[in-house]
>>> print(open('model_19.cif').read())   # mmCIF, C-alpha atoms and all ligand atoms
data_entry
loop_
_atom_site.label_atom_id
_atom_site.label_comp_id
_atom_site.auth_asym_id
_atom_site.auth_seq_id
_atom_site.Cartn_x
_atom_site.Cartn_y
_atom_site.Cartn_z
CA MET A 1112 -17.62 -20.34 5.56
CA SER A 1113 -14.71 -22.58 6.26
CA ASP A 1114 -15.14 -25.45 8.66
CA ARG A 1115 -11.73 -24.42 10.03
CA ASP A 1116 -10.46 -27.92 9.33
CA GLN A 1117 -7.22 -26.61 7.93
CA ALA A 1118 -4.61 -28.18 5.74
CA LEU A 1119 -1.25 -28.50 7.42
CA PRO A 1120 1.09 -25.83 6.04
CA SER A 1121 4.11 -28.10 6.48
CA ALA A 1122 3.02 -30.47 3.71
CA VAL A 1123 2.38 -27.59 1.28
CA LEU A 1124 5.54 -25.70 2.29
CA ALA A 1125 7.85 -28.73 1.97
CA PRO A 1126 9.06 -27.91 -1.61
CA LEU A 1127 9.96 -24.29 -0.68
CA ASP A 1128 13.65 -24.94 0.01
CA ALA A 1129 14.13 -26.32 -3.50
CA ARG A 1130 12.39 -23.25 -5.00
CA LEU A 1131 14.31 -20.55 -3.11
CA ALA A 1132 17.21 -20.06 -5.53
CA ASP A 1133 14.71 -19.38 -8.33
CA LEU A 1134 12.73 -16.96 -6.13
CA VAL A 1135 15.88 -15.03 -5.18
CA ALA A 1136 16.78 -14.76 -8.89
CA LEU A 1137 13.24 -13.56 -9.68
CA TYR A 1138 13.37 -10.93 -6.91
CA GLU A 1139 16.76 -9.63 -8.09
CA ASP A 1140 15.54 -9.48 -11.68
CA LEU A 1141 12.41 -7.52 -10.70
CA HIS A 1142 14.54 -5.22 -8.58
CA ARG A 1143 16.83 -4.50 -11.56
CA HIS A 1144 13.84 -3.64 -13.77
CA PRO A 1145 11.47 -1.38 -11.80
CA GLU A 1146 8.32 -0.10 -13.53
CA LEU A 1147 6.25 2.91 -12.48
CA ALA A 1148 2.50 2.93 -11.79
CA PHE A 1149 0.39 1.58 -14.69
CA GLN A 1150 3.57 0.77 -16.67
CA GLU A 1151 4.20 -2.62 -15.02
CA THR A 1152 4.07 -4.56 -18.31
CA ARG A 1153 7.25 -6.60 -17.87
CA THR A 1154 6.36 -7.54 -14.28
CA ALA A 1155 2.78 -8.38 -15.26
CA ALA A 1156 3.96 -10.56 -18.16
CA GLU A 1157 6.28 -12.53 -15.84
CA ALA A 1158 3.45 -13.01 -13.30
CA ALA A 1159 1.07 -14.19 -16.04
CA ARG A 1160 3.67 -16.55 -17.53
CA ARG A 1161 4.38 -18.20 -14.20
CA LEU A 1162 0.72 -18.43 -13.12
CA THR A 1163 -0.14 -20.15 -16.42
CA ALA A 1164 2.71 -22.62 -15.85
CA TYR A 1165 1.40 -23.33 -12.31
CA GLY A 1166 -2.05 -24.17 -13.74
CA TYR A 1167 -4.06 -21.02 -12.93
CA ASP A 1168 -6.76 -19.49 -15.15
CA VAL A 1169 -5.06 -16.20 -15.95
CA THR A 1170 -6.57 -12.85 -16.93
CA THR A 1171 -4.31 -9.94 -17.92
CA GLY A 1172 -4.81 -6.23 -18.62
CA ILE A 1173 -7.31 -5.61 -15.80
CA GLY A 1174 -7.37 -1.92 -14.94
CA GLY A 1175 -4.36 -1.40 -17.19
CA THR A 1176 -1.68 -3.90 -16.20
CA GLY A 1177 -3.44 -5.92 -13.46
CA VAL A 1178 -3.17 -9.73 -13.56
CA THR A 1179 -5.24 -12.38 -11.81
CA GLY A 1180 -4.92 -16.14 -11.51
CA VAL A 1181 -7.78 -18.33 -10.34
CA LEU A 1182 -7.40 -21.92 -9.12
CA ARG A 1183 -10.75 -23.67 -8.55
CA ASN A 1184 -10.10 -26.65 -6.34
CA GLY A 1185 -13.40 -28.01 -5.06
CA PRO A 1186 -15.99 -26.60 -2.66
CA GLY A 1187 -14.99 -24.09 -0.03
CA PRO A 1188 -14.18 -20.43 0.53
CA VAL A 1189 -12.80 -18.04 -2.07
CA VAL A 1190 -9.50 -16.64 -0.77
CA LEU A 1191 -7.82 -13.69 -2.52
CA LEU A 1192 -4.08 -13.01 -2.07
CA ARG A 1193 -2.88 -9.64 -3.33
CA ALA A 1194 0.48 -8.11 -4.31
CA ASP A 1195 1.22 -4.68 -5.77
CA MET A 1196 3.72 -4.36 -8.64
CA ASP A 1197 4.71 -0.70 -9.05
CA ALA A 1198 8.03 1.02 -8.33
CA LEU A 1199 8.78 4.66 -7.45
CA PRO A 1200 10.40 7.63 -9.21
CA VAL A 1201 13.51 7.35 -7.00
CA THR A 1202 17.16 6.95 -8.07
CA GLU A 1203 18.65 3.98 -6.25
CA ASN A 1204 21.66 4.50 -4.02
CA SER A 1205 21.90 1.13 -2.29
CA GLY A 1206 25.10 -0.40 -3.68
CA VAL A 1207 23.53 -3.88 -4.00
CA PRO A 1208 24.72 -5.87 -7.05
CA TYR A 1209 21.13 -6.17 -8.32
CA ALA A 1210 20.41 -2.40 -8.08
CA SER A 1211 18.00 -0.74 -10.50
CA THR A 1212 19.35 -0.40 -14.03
CA LEU A 1213 17.21 2.72 -14.61
CA PRO A 1214 17.99 6.16 -13.15
CA GLY A 1215 14.93 7.75 -11.56
CA ARG A 1216 13.17 4.42 -11.03
CA MET A 1217 13.49 2.07 -8.11
CA HIS A 1218 11.63 -0.60 -6.19
CA ALA A 1219 12.04 1.55 -3.06
CA CYS A 1220 8.88 0.23 -1.39
CA GLY A 1221 9.59 -3.49 -1.78
CA HIS A 1222 6.77 -4.32 -4.18
CA ASP A 1223 9.27 -6.61 -5.93
CA VAL A 1224 9.30 -8.64 -2.68
CA HIS A 1225 5.49 -8.76 -2.74
CA VAL A 1226 5.36 -10.02 -6.35
CA THR A 1227 8.04 -12.65 -5.69
CA CYS A 1228 6.43 -13.94 -2.48
CA LEU A 1229 2.98 -14.15 -4.06
CA LEU A 1230 4.32 -16.10 -7.04
CA GLY A 1231 6.15 -18.39 -4.62
CA ALA A 1232 2.97 -18.98 -2.60
CA ALA A 1233 0.88 -19.43 -5.77
CA ASP A 1234 3.33 -22.13 -6.92
CA LEU A 1235 3.30 -24.01 -3.58
CA LEU A 1236 -0.49 -23.81 -3.16
CA ALA A 1237 -1.03 -25.12 -6.70
CA ALA A 1238 1.51 -27.92 -6.26
CA GLY A 1239 -0.06 -28.77 -2.88
CA ARG A 1240 -3.70 -28.60 -4.00
CA ALA A 1241 -4.35 -32.14 -2.72
CA HIS A 1242 -4.13 -30.64 0.79
CA TRP A 1243 -6.88 -28.00 0.55
CA SER A 1244 -10.31 -27.30 -0.91
CA GLY A 1245 -11.80 -24.03 -2.12
CA THR A 1246 -10.93 -21.39 -4.69
CA LEU A 1247 -7.71 -19.43 -4.68
CA VAL A 1248 -7.46 -16.03 -6.39
CA VAL A 1249 -4.03 -14.43 -6.71
CA LEU A 1250 -4.02 -10.80 -7.79
CA PHE A 1251 -1.19 -8.54 -8.99
CA GLN A 1252 -2.31 -4.92 -9.00
CA PRO A 1253 -0.83 -1.84 -10.63
CA ALA A 1254 -0.26 1.57 -9.13
CA GLU A 1255 -0.49 1.16 -5.36
CA GLU A 1256 1.76 4.19 -4.93
CA ALA A 1257 -0.54 6.34 -7.05
CA GLY A 1258 -3.47 5.17 -4.90
CA ASN A 1259 -5.67 4.14 -7.82
CA GLY A 1260 -4.50 0.69 -8.97
CA ALA A 1261 -6.99 -1.37 -6.95
CA ARG A 1262 -9.74 1.08 -7.93
CA ALA A 1263 -8.80 0.71 -11.62
CA MET A 1264 -9.10 -3.11 -11.40
CA LEU A 1265 -12.49 -2.85 -9.65
CA ASP A 1266 -13.75 -0.28 -12.17
CA ASP A 1267 -12.67 -2.63 -14.97
CA GLY A 1268 -15.06 -5.31 -13.71
CA LEU A 1269 -12.88 -7.41 -11.38
CA TYR A 1270 -15.92 -8.51 -9.35
CA GLY A 1271 -18.70 -6.68 -11.23
CA LYS A 1272 -18.08 -8.55 -14.50
CA GLY A 1273 -16.97 -11.68 -12.69
CA LEU A 1274 -13.36 -11.62 -13.92
CA VAL A 1275 -12.63 -13.41 -10.63
CA PRO A 1276 -15.05 -14.95 -8.12
CA THR A 1277 -15.92 -12.53 -5.31
CA PRO A 1278 -13.62 -13.36 -2.38
CA ASP A 1279 -14.69 -14.32 1.15
CA VAL A 1280 -11.46 -12.89 2.53
CA VAL A 1281 -8.58 -10.71 1.24
CA LEU A 1282 -4.99 -11.27 2.46
CA ALA A 1283 -1.97 -9.08 1.73
CA GLN A 1284 1.42 -8.20 3.17
CA HIS A 1285 3.90 -5.33 2.99
CA VAL A 1286 7.63 -5.45 3.58
CA ALA A 1287 8.85 -2.95 6.20
CA PRO A 1288 12.13 -1.79 7.77
CA PHE A 1289 12.39 -4.24 10.67
CA GLY A 1290 14.23 -7.54 11.05
CA ALA A 1291 13.76 -10.05 8.22
CA GLY A 1292 12.07 -13.22 9.44
CA LEU A 1293 9.63 -11.29 11.64
CA ILE A 1294 5.91 -10.59 11.12
CA ALA A 1295 4.14 -7.57 12.62
CA TYR A 1296 0.38 -7.09 12.91
CA CYS A 1297 -2.08 -4.41 13.99
CA PRO A 1298 -5.74 -5.24 14.72
CA GLY A 1299 -8.39 -2.79 13.48
CA ALA A 1300 -7.28 0.38 11.68
CA CYS A 1301 -3.64 -0.32 10.71
CA MET A 1302 -2.93 2.26 8.00
CA ALA A 1303 -4.23 5.81 7.65
CA ALA A 1304 -6.69 7.15 5.16
CA ALA A 1305 -4.91 9.65 2.90
CA ASP A 1306 -6.62 12.32 0.86
CA THR A 1307 -4.70 14.63 -1.46
CA LEU A 1308 -6.51 17.83 -2.40
CA GLU A 1309 -5.72 20.67 -4.78
CA ILE A 1310 -7.41 24.00 -4.09
CA THR A 1311 -7.34 26.85 -6.60
CA PHE A 1312 -8.15 30.25 -5.07
CA HIS A 1313 -9.33 32.86 -7.56
CA GLY A 1314 -8.55 36.54 -7.13
CA THR A 1315 -8.38 39.52 -9.46
CA GLY A 1316 -4.88 40.34 -10.70
CA GLY A 1317 -3.36 43.78 -11.06
CA HIS A 1318 -0.44 46.13 -10.37
CA GLY A 1319 1.43 45.52 -7.14
CA SER A 1320 1.29 49.27 -6.40
CA ARG A 1321 -2.54 49.40 -6.52
CA PRO A 1322 -3.87 46.52 -4.39
CA GLU A 1323 -7.22 48.31 -4.03
CA THR A 1324 -8.00 47.42 -7.66
CA THR A 1325 -7.34 43.70 -7.05
CA VAL A 1326 -8.41 40.75 -4.96
CA ASP A 1327 -5.14 39.25 -3.75
CA PRO A 1328 -5.26 35.42 -4.02
CA ILE A 1329 -1.92 35.07 -2.19
CA LEU A 1330 -3.28 36.69 0.95
CA MET A 1331 -6.48 34.62 0.57
CA ALA A 1332 -4.56 31.33 0.23
CA ALA A 1333 -2.15 32.29 3.03
CA ALA A 1334 -5.11 32.88 5.35
CA PHE A 1335 -6.42 29.44 4.39
CA VAL A 1336 -3.03 27.81 5.12
CA GLN A 1337 -3.00 29.40 8.58
CA ARG A 1338 -6.58 28.67 9.49
CA VAL A 1339 -6.65 25.10 8.18
CA GLN A 1340 -4.15 24.19 10.94
CA SER A 1341 -6.91 24.94 13.45
CA VAL A 1342 -8.95 21.97 12.20
CA VAL A 1343 -6.97 19.26 14.00
CA ALA A 1344 -6.22 21.50 17.01
CA ARG A 1345 -9.79 22.80 17.56
CA GLU A 1346 -12.27 20.49 15.79
CA ILE A 1347 -10.93 16.95 16.37
CA ALA A 1348 -11.12 15.30 19.78
CA ALA A 1349 -7.85 14.80 21.64
CA LYS A 1350 -8.18 10.99 21.53
CA GLU A 1351 -8.55 11.00 17.72
CA GLN A 1352 -5.71 11.32 15.23
CA ALA A 1353 -5.44 13.38 12.06
CA VAL A 1354 -2.76 15.25 10.12
CA VAL A 1355 -3.30 18.17 7.74
CA THR A 1356 -0.23 19.22 5.76
CA VAL A 1357 -0.06 21.90 3.06
CA GLY A 1358 2.92 20.69 1.04
CA SER A 1359 2.68 22.90 -2.04
CA PHE A 1360 1.80 26.59 -2.57
CA HIS A 1361 2.14 28.21 -6.01
CA ALA A 1362 1.18 31.76 -6.95
CA GLY A 1363 2.59 34.60 -9.01
CA ASP A 1364 5.86 35.06 -10.88
CA THR A 1365 7.20 38.46 -9.96
CA ALA A 1366 7.22 40.97 -7.10
CA ASN A 1367 5.14 43.80 -8.56
CA VAL A 1368 2.21 41.86 -10.01
CA ILE A 1369 -0.68 40.56 -7.94
CA PRO A 1370 -1.61 37.27 -9.68
CA ASP A 1371 -5.15 36.11 -10.36
CA ARG A 1372 -4.87 32.74 -8.67
CA ALA A 1373 -3.08 30.72 -5.99
CA VAL A 1374 -2.93 26.92 -5.96
CA VAL A 1375 -2.27 24.90 -2.81
CA ARG A 1376 -2.00 21.15 -2.42
CA LEU A 1377 -2.58 19.43 0.87
CA SER A 1378 -2.47 15.96 2.34
CA VAL A 1379 -4.97 14.81 4.98
CA ARG A 1380 -4.36 11.65 7.06
CA SER A 1381 -6.86 10.03 9.41
CA PHE A 1382 -7.64 6.65 10.99
CA ASP A 1383 -11.41 6.87 11.33
CA GLN A 1384 -14.08 7.49 8.70
CA ASN A 1385 -15.96 10.03 10.86
CA VAL A 1386 -12.75 11.97 11.55
CA ARG A 1387 -11.89 11.86 7.85
CA THR A 1388 -15.33 13.22 6.89
CA ALA A 1389 -15.10 15.97 9.53
CA VAL A 1390 -11.61 17.10 8.46
CA LEU A 1391 -12.46 17.12 4.74
CA ALA A 1392 -15.66 19.07 5.42
CA ALA A 1393 -13.72 21.62 7.52
CA VAL A 1394 -11.07 22.05 4.80
CA ASP A 1395 -13.82 22.68 2.26
CA ARG A 1396 -15.64 25.12 4.57
CA ILE A 1397 -12.49 27.13 5.40
CA ALA A 1398 -11.40 27.37 1.76
CA ARG A 1399 -14.79 28.76 0.73
CA ALA A 1400 -15.02 31.04 3.77
CA GLU A 1401 -11.56 32.55 3.21
CA ALA A 1402 -12.42 33.16 -0.44
CA ALA A 1403 -15.66 34.87 0.62
CA ALA A 1404 -13.84 36.86 3.31
CA SER A 1405 -11.46 38.20 0.66
CA GLY A 1406 -14.27 39.10 -1.74
CA ALA A 1407 -13.12 36.54 -4.32
CA PRO A 1408 -14.75 36.90 -7.74
CA ARG A 1409 -15.52 33.15 -7.75
CA GLU A 1410 -15.62 30.21 -5.40
CA PRO A 1411 -12.38 28.21 -5.05
CA GLU A 1412 -12.09 24.93 -6.98
CA ILE A 1413 -11.45 21.97 -4.68
CA LYS A 1414 -10.23 18.84 -6.45
CA ALA A 1415 -9.50 15.42 -4.91
CA LEU A 1416 -6.25 14.20 -6.52
CA ASP A 1417 -6.23 10.81 -4.82
CA ALA A 1418 -7.90 9.08 -1.92
CA PHE A 1419 -6.84 6.02 0.06
CA PRO A 1420 -9.39 4.65 2.55
CA VAL A 1421 -8.44 3.61 6.08
CA THR A 1422 -6.97 0.09 6.01
CA VAL A 1423 -8.90 -1.92 8.60
CA ASN A 1424 -7.89 -5.41 9.68
CA ASP A 1425 -10.67 -7.78 10.66
CA THR A 1426 -9.85 -8.73 14.25
CA ALA A 1427 -11.35 -12.25 14.07
CA VAL A 1428 -9.53 -13.22 10.86
CA LEU A 1429 -6.33 -11.66 12.20
CA ALA A 1430 -6.53 -13.69 15.41
CA GLU A 1431 -7.14 -16.97 13.57
CA VAL A 1432 -4.43 -16.41 10.95
CA ASN A 1433 -2.01 -15.36 13.69
CA GLU A 1434 -2.50 -18.80 15.28
CA SER A 1435 -1.11 -20.28 12.07
CA PHE A 1436 1.73 -17.73 12.07
CA THR A 1437 2.75 -18.45 15.65
CA ARG A 1438 2.57 -22.24 15.06
CA LEU A 1439 4.79 -21.84 12.01
CA PHE A 1440 7.22 -19.14 13.14
CA GLY A 1441 7.07 -19.29 16.96
CA GLU A 1442 5.65 -16.51 19.18
CA GLN A 1443 8.84 -14.46 19.28
CA ARG A 1444 8.75 -13.88 15.50
CA VAL A 1445 5.16 -12.51 15.44
CA PHE A 1446 4.56 -9.22 17.23
CA ALA A 1447 1.92 -6.50 17.57
CA TYR A 1448 2.69 -3.06 16.19
CA GLU A 1449 0.99 0.32 16.22
CA PRO A 1450 -0.95 1.78 13.25
CA ALA A 1451 1.20 3.35 10.51
CA THR A 1452 0.51 6.82 9.09
CA GLY A 1453 1.26 5.51 5.60
CA SER A 1454 -1.64 4.48 3.38
CA GLU A 1455 -2.70 1.54 1.22
CA ASP A 1456 -5.39 0.66 -1.29
CA ALA A 1457 -5.53 -3.11 -0.61
CA GLY A 1458 -8.58 -2.51 1.61
CA LEU A 1459 -10.65 -1.51 -1.44
CA LEU A 1460 -10.39 -5.07 -2.78
CA ALA A 1461 -11.93 -6.27 0.49
CA SER A 1462 -14.56 -3.56 0.99
CA ALA A 1463 -15.78 -3.88 -2.63
CA ALA A 1464 -16.43 -7.57 -1.90
CA GLU A 1465 -17.77 -6.86 1.61
CA ALA A 1466 -15.09 -9.30 2.74
CA PRO A 1467 -12.76 -9.07 5.75
CA LEU A 1468 -9.14 -8.01 5.24
CA TYR A 1469 -5.94 -9.08 6.95
CA TYR A 1470 -2.86 -7.05 5.95
CA TRP A 1471 0.35 -7.70 7.88
CA TRP A 1472 3.91 -6.37 7.74
CA LEU A 1473 6.90 -8.49 6.79
CA GLY A 1474 10.38 -7.66 8.08
CA GLY A 1475 12.91 -6.99 5.33
CA TRP A 1476 16.06 -5.71 6.99
CA ASP A 1477 19.22 -7.68 7.77
CA PRO A 1478 18.42 -9.14 11.23
CA ASP A 1479 21.91 -8.45 12.68
CA GLU A 1480 22.02 -4.84 11.45
CA PHE A 1481 18.51 -4.31 12.78
CA ARG A 1482 19.36 -5.73 16.24
CA THR A 1483 22.50 -3.56 16.42
CA ALA A 1484 20.59 -0.39 15.48
CA LEU A 1485 17.79 -1.24 17.92
CA ALA A 1486 20.25 -1.80 20.79
CA ALA A 1487 21.99 1.52 20.00
CA GLY A 1488 18.68 3.42 19.78
CA ARG A 1489 19.54 4.34 16.18
CA LEU A 1490 16.71 2.77 14.16
CA ALA A 1491 15.66 6.08 12.59
CA GLN A 1492 19.26 6.95 11.62
CA ASP A 1493 20.62 3.56 10.53
CA ILE A 1494 17.69 1.67 8.99
CA PRO A 1495 16.31 3.27 5.80
CA SER A 1496 12.53 3.52 5.58
CA ASN A 1497 10.32 2.57 2.65
CA HIS A 1498 10.76 5.04 -0.25
CA SER A 1499 14.41 5.72 0.71
CA PRO A 1500 16.94 5.28 -2.16
CA GLN A 1501 18.64 2.74 0.16
CA PHE A 1502 15.57 0.68 1.02
CA VAL A 1503 16.42 -2.77 -0.35
CA PRO A 1504 15.10 -5.75 1.62
CA VAL A 1505 17.59 -8.62 2.00
CA PRO A 1506 16.49 -11.58 -0.16
CA ARG A 1507 16.89 -14.05 2.70
CA PRO A 1508 15.17 -14.72 4.99
CA THR A 1509 12.66 -12.11 3.74
CA LEU A 1510 11.47 -14.16 0.76
CA GLU A 1511 10.97 -17.50 2.51
CA THR A 1512 9.17 -15.77 5.40
CA GLY A 1513 6.88 -13.91 2.97
CA VAL A 1514 6.07 -17.08 0.99
CA GLN A 1515 5.46 -19.03 4.20
CA ALA A 1516 3.22 -16.31 5.64
CA LEU A 1517 1.03 -15.99 2.52
CA THR A 1518 0.78 -19.77 2.16
CA ALA A 1519 -0.05 -20.37 5.83
CA ALA A 1520 -2.61 -17.53 5.84
CA ALA A 1521 -4.31 -18.89 2.69
CA LEU A 1522 -4.45 -22.42 4.16
CA ASN A 1523 -5.90 -20.96 7.37
CA ARG A 1524 -8.85 -19.53 5.39
CA LEU A 1525 -9.30 -22.43 2.88
CA ASP A 1526 -10.84 -25.74 3.87
CA GLY A 1527 -8.69 -28.73 4.68
CA VAL A 1528 -9.33 -32.06 2.98
ZN ZN B 1 5.22 2.88 -0.92
ZN ZN B 2 4.38 0.00 -0.79
#
>>> encode(input="model_19.cif", output="structure tokens")
Amino acid sequence: MSDRDQALPSAVLAPLDARLADLVALYEDLHRHPELAFQETRTAAEAARRLTAYGYDVTTGIGGTGVTGVLRNGPGPVVLLRADMDALPVTENSGVPYASTLPGRMHACGHDVHVTCLLGAADLLAAGRAHWSGTLVVLFQPAEEAGNGARAMLDDGLYGKGLVPTPDVVLAQHVAPFGAGLIAYCPGACMAAADTLEITFHGTGGHGSRPETTVDPILMAAAFVQRVQSVVAREIAAKEQAVVTVGSFHAGDTANVIPDRAVVRLSVRSFDQNVRTAVLAAVDRIARAEAAASGAPREPEIKALDAFPVTVNDTAVLAEVNESFTRLFGEQRVFAYEPATGSEDAGLLASAAEAPLYYWWLGGWDPDEFRTALAAGRLAQDIPSNHSPQFVPVPRPTLETGVQALTAAALNRLDGV
């Protein structure tokens, strides 16, 4: 454990001004060339090239396209900094000069900001290694949006085969639609667990005029869709939070044929492991019970398509790192925010190491536009959210704030010398 005798961020951050033009160019280049989940080869190659130049031991191809850099710099804690690399299947409509060159692909969640800031911090921490002691691990993961990039790196032996030393703490950030230059934090559960399920209900098909010869899977699945809404209303305590949404329902092709199956897909969000377990068990129970109630010829098939755990910030690490943030940025630029219903897989990198996590949000919107929208009560209308075809963080001061935050947080957890 660190002796909390921390290096001063100012000494390590001093070269940042001279590096900013290059970081802005890197960000704009990544933004022009977005790559979807598990296809981040160009981004990964650039990360690996730069990390090698900064003096890191680099490993590529972890879990597909994942990249790590390790800098062993004397005794002390192992600190892991993480960025995600993937873009989304969105066609950009932002009008910025560095817009995506590829229709149907866009960095609409700001992962290009994350990659740029982590490379900037990796550079400064390597150049400033005389000021700290310990081991730094920087990690670029694929496929955060698909929910299985961190899992793929772990399954490929990230810690198990010792591709990197097991971290004592995991630090990560995500750019969000509030004023650039600001940092927001949420102690405890900060992002929801998300489970996507596909349920196939089996009936017996037949002529639409003779329903008595069939088992109608549409009626069966429709009963499930109705009843599953009772889970949150009737089985979860009022002080807990959960969302169950059926977002897809496919069955049949024509009016006079009763099909033999119906397929529904649903999304379950929760902020507590016990609530998550209870909701998933209730969904399973209701699906099977509705199938039985209809006299289905076989049990429904219930498949988990993806699963994000709850993202939980360690309150002690958060409080200590926030002291560094407020010293660096001033109290008015660091504020508490409520949990988000979005989801993240960064927490897996921490839980697999039994290490604490601190994951904060980084403002990315033009500060003047944000203030104007806030004053007019028009944030939802005027400021695009992540995944919007207009969500493009401004390069400055987003990038310097992101580099400063990662660097200061790492120095907070490493030993000083
Ligand atoms: Zn996203
Ligand atoms: Zn994201």
>>> residues_around(input="model_19.cif", residues="A:Ser1462", least_positions_apart="5", cutoff="10 Å", atoms="all atoms listed in the file", output="number ranges by chain")
A: 1280-1281, 1420, 1422-1423, 1457, 1467-1468
>>> write_last_selection(input="model_19.cif", atoms="C-alpha atoms", output="tab-separated table (two decimals), in the coordinates of the input")
chain	number	residue	atom	x	y	z
A	1280	VAL	CA	-11.46	-12.89	2.53
A	1281	VAL	CA	-8.58	-10.71	1.24
A	1420	PRO	CA	-9.39	4.65	2.55
A	1422	THR	CA	-6.97	0.09	6.01
A	1423	VAL	CA	-8.90	-1.92	8.60
A	1457	ALA	CA	-5.53	-3.11	-0.61
A	1467	PRO	CA	-12.76	-9.07	5.75
A	1468	LEU	CA	-9.14	-8.01	5.24
>>> residues_around(input="model_19.cif", residues="A:Arg1482", least_positions_apart="5", cutoff="9 Å", atoms="all atoms listed in the file", output="NGL selection string")
:A and (1290 or 1477 or 1487)
>>> closest_residue(input="model_19.cif", among="A:Glu1323, A:Pro1120, A:Asn1497, A:Val1342", to="A:Arg1240", atoms="all atoms listed in the file")
A:Pro1120
>>> closest_atom_pairs(input="model_19.cif", of="chain A", to="ligand ZN 2 (chain B)", cutoff="8 Å", atoms="only C-alpha atoms and all ligand atoms", output="tab-separated table")
residue	atom	partner	partner_atom	distance
A:Asp1195	CA	B:ZN2	ZN	7.5
A:Cys1220	CA	B:ZN2	ZN	4.5
A:Gly1221	CA	B:ZN2	ZN	6.3
A:His1222	CA	B:ZN2	ZN	6.0
A:Glu1255	CA	B:ZN2	ZN	6.8
A:Glu1256	CA	B:ZN2	ZN	6.4
A:His1285	CA	B:ZN2	ZN	6.6
A:Val1286	CA	B:ZN2	ZN	7.7
A:Glu1455	CA	B:ZN2	ZN	7.5
A:Asn1497	CA	B:ZN2	ZN	7.3
>>> residues_near_point(input="model_19.cif", point="(10.8, -16.8, -15.4)", cutoff="10 Å", atoms="only C-alpha atoms", output="PDB file with C-alpha atoms, in the frame of the given file")
ATOM      1  CA  ASP A1133      14.710 -19.380  -8.330  1.00  0.00           C
ATOM      2  CA  LEU A1134      12.730 -16.960  -6.130  1.00  0.00           C
ATOM      3  CA  ALA A1136      16.780 -14.760  -8.890  1.00  0.00           C
ATOM      4  CA  LEU A1137      13.240 -13.560  -9.680  1.00  0.00           C
ATOM      5  CA  ASP A1140      15.540  -9.480 -11.680  1.00  0.00           C
ATOM      6  CA  ALA A1156       3.960 -10.560 -18.160  1.00  0.00           C
ATOM      7  CA  GLU A1157       6.280 -12.530 -15.840  1.00  0.00           C
ATOM      8  CA  ALA A1158       3.450 -13.010 -13.300  1.00  0.00           C
ATOM      9  CA  ARG A1160       3.670 -16.550 -17.530  1.00  0.00           C
ATOM     10  CA  ARG A1161       4.380 -18.200 -14.200  1.00  0.00           C
ATOM     11  CA  ALA A1164       2.710 -22.620 -15.850  1.00  0.00           C
TER      12      ALA A1164
END
>>> residues_near_ligand(input="model_19.cif", ligand="ligand ZN 1 (chain B)", cutoff="12 Å", atoms="only C-alpha atoms and all ligand atoms", output="JSON, numbers by chain")
{"A": [1147, 1148, 1195, 1196, 1197, 1198, 1199, 1200, 1201, 1217, 1218, 1219, 1220, 1221, 1222, 1223, 1225, 1254, 1255, 1256, 1257, 1258, 1285, 1286, 1287, 1452, 1453, 1454, 1455, 1456, 1496, 1497, 1498, 1499, 1502]}
>>> decode(input="model_19.cif", residues="stretch 1303-1327 of chain A", atoms="C-alpha atoms", output="compact mmCIF listing (two decimals), in the first residue's frame")
# COMPACT_ATOMS: atom_id res chain seq x y z
CA ALA A 1303 -26.07 0.58 -13.68
CA ALA A 1304 -25.73 -3.11 -14.27
CA ALA A 1305 -27.19 -3.95 -17.69
CA ASP A 1306 -28.34 -7.37 -18.77
CA THR A 1307 -29.63 -8.06 -22.27
CA LEU A 1308 -31.72 -11.21 -22.63
CA GLU A 1309 -33.26 -12.99 -25.59
CA ILE A 1310 -36.22 -15.26 -24.87
CA THR A 1311 -37.61 -17.66 -27.47
CA PHE A 1312 -41.15 -18.86 -26.71
CA HIS A 1313 -42.12 -22.09 -28.43
CA GLY A 1314 -45.68 -22.78 -29.57
CA THR A 1315 -47.26 -25.05 -32.13
CA GLY A 1316 -47.99 -23.39 -35.47
CA GLY A 1317 -51.10 -23.82 -37.58
CA HIS A 1318 -53.95 -22.22 -39.53
CA GLY A 1319 -55.18 -18.89 -38.21
CA SER A 1320 -58.78 -20.14 -38.54
CA ARG A 1321 -58.21 -23.14 -36.23
CA PRO A 1322 -56.43 -21.88 -33.10
CA GLU A 1323 -57.62 -24.95 -31.17
CA THR A 1324 -55.07 -27.04 -33.09
CA THR A 1325 -52.19 -24.72 -32.11
CA VAL A 1326 -50.37 -23.25 -29.15
CA ASP A 1327 -50.13 -19.56 -29.96
